[in-house]
Amino acid sequence: MTLVDVSDVSAGLFILGAVFILLIFGLLSLGILRMFQLRYRAGWLCFAGAVVSSAVFYILLDQWYI
């Protein structure tokens, strides 16, 4: 294994990725928790929020960084 040079990653891209990764996986885990609590509607809404967040993340990456 070798070291990876991340000096080309801008601060904005790093912050955007970190925020959206926390948001998406937080919503997914909250959706799973709500399903185990038998609150199905709230769980599906959290899953839908994760999907919408993923789409917004993809659109922002496509317009700003690619």
# chains A, B, ... in the order shown; residues from 1 in each chain; ligands from 1

$ select_by_dssp --residues "chain A" --states "alpha helix (DSSP H)" --output "ChimeraX atom specification"
/A:11-36,40-64

$ residues_around --residues "Val19 of chain A" --least-positions-apart "5" --cutoff "12 Å" --atoms "only C-alpha atoms" --output "PyMOL selection string"
chain A and resi 12-14+24-26+53-54+57

$ closest_residue --among "A:Leu27, A:Met35, A:Leu61, A:Ala11" --to "Phe47 of chain A" --atoms "only C-alpha atoms"
A:Leu27

$ closest_residue --among "A:Leu23, A:Ile15, A:Leu38, A:Ile32" --to "Ala50 of chain A" --atoms "only C-alpha atoms"
A:Leu23

$ atom_distance --atom1 "atom CA of Gly49 of chain A" --atom2 "atom CA of Leu16 of chain A"
17.1 Å

$ decode --residues "segment 45-62 of chain A" --atoms "N, CA, C and O atoms" --output "compact mmCIF listing (two decimals), in the first residue's frame"
# COMPACT_ATOMS: atom_id res chain seq x y z
N LEU A 45 -40.17 7.75 4.94
CA LEU A 45 -39.85 9.16 4.69
C LEU A 45 -38.35 9.43 4.86
O LEU A 45 -37.77 10.21 4.11
N CYS A 46 -37.74 8.77 5.83
CA CYS A 46 -36.28 8.91 5.99
C CYS A 46 -35.54 8.31 4.82
O CYS A 46 -34.55 8.88 4.33
N PHE A 47 -36.01 7.16 4.33
CA PHE A 47 -35.40 6.56 3.14
C PHE A 47 -35.55 7.47 1.93
O PHE A 47 -34.61 7.64 1.14
N ALA A 48 -36.72 8.07 1.79
CA ALA A 48 -36.95 8.99 0.68
C ALA A 48 -36.06 10.22 0.80
O ALA A 48 -35.53 10.72 -0.19
N GLY A 49 -35.87 10.70 2.02
CA GLY A 49 -34.97 11.82 2.24
C GLY A 49 -33.53 11.50 1.87
O GLY A 49 -32.81 12.33 1.33
N ALA A 50 -33.12 10.26 2.14
CA ALA A 50 -31.76 9.84 1.76
C ALA A 50 -31.62 9.78 0.25
O ALA A 50 -30.58 10.17 -0.30
N VAL A 51 -32.66 9.32 -0.44
CA VAL A 51 -32.60 9.25 -1.91
C VAL A 51 -32.56 10.66 -2.50
O VAL A 51 -31.78 10.93 -3.42
N VAL A 52 -33.39 11.56 -1.97
CA VAL A 52 -33.39 12.94 -2.45
C VAL A 52 -32.04 13.61 -2.16
O VAL A 52 -31.49 14.32 -3.02
N SER A 53 -31.49 13.36 -1.00
CA SER A 53 -30.18 13.93 -0.66
C SER A 53 -29.09 13.40 -1.58
O SER A 53 -28.19 14.15 -1.97
N SER A 54 -29.17 12.13 -1.93
CA SER A 54 -28.19 11.55 -2.86
C SER A 54 -28.30 12.21 -4.23
O SER A 54 -27.29 12.50 -4.87
N ALA A 55 -29.53 12.44 -4.68
CA ALA A 55 -29.72 13.08 -5.99
C ALA A 55 -29.20 14.52 -5.98
O ALA A 55 -28.54 14.96 -6.93
N VAL A 56 -29.48 15.25 -4.89
CA VAL A 56 -28.98 16.62 -4.79
C VAL A 56 -27.46 16.63 -4.73
O VAL A 56 -26.80 17.48 -5.36
N PHE A 57 -26.87 15.70 -4.01
CA PHE A 57 -25.41 15.59 -3.94
C PHE A 57 -24.82 15.33 -5.32
O PHE A 57 -23.83 15.95 -5.71
N TYR A 58 -25.44 14.43 -6.09
CA TYR A 58 -24.95 14.13 -7.43
C TYR A 58 -25.06 15.36 -8.33
O TYR A 58 -24.13 15.67 -9.09
N ILE A 59 -26.17 16.07 -8.25
CA ILE A 59 -26.36 17.26 -9.08
C ILE A 59 -25.34 18.35 -8.73
O ILE A 59 -24.74 18.97 -9.62
N LEU A 60 -25.11 18.56 -7.43
CA LEU A 60 -24.13 19.56 -7.02
C LEU A 60 -22.72 19.18 -7.45
O LEU A 60 -21.94 20.04 -7.91
N LEU A 61 -22.37 17.91 -7.31
CA LEU A 61 -21.05 17.47 -7.77
C LEU A 61 -20.91 17.66 -9.28
O LEU A 61 -19.86 18.08 -9.77
N ASP A 62 -21.97 17.33 -10.02
CA ASP A 62 -21.92 17.44 -11.48
C ASP A 62 -21.79 18.88 -11.93
O ASP A 62 -21.04 19.18 -12.86
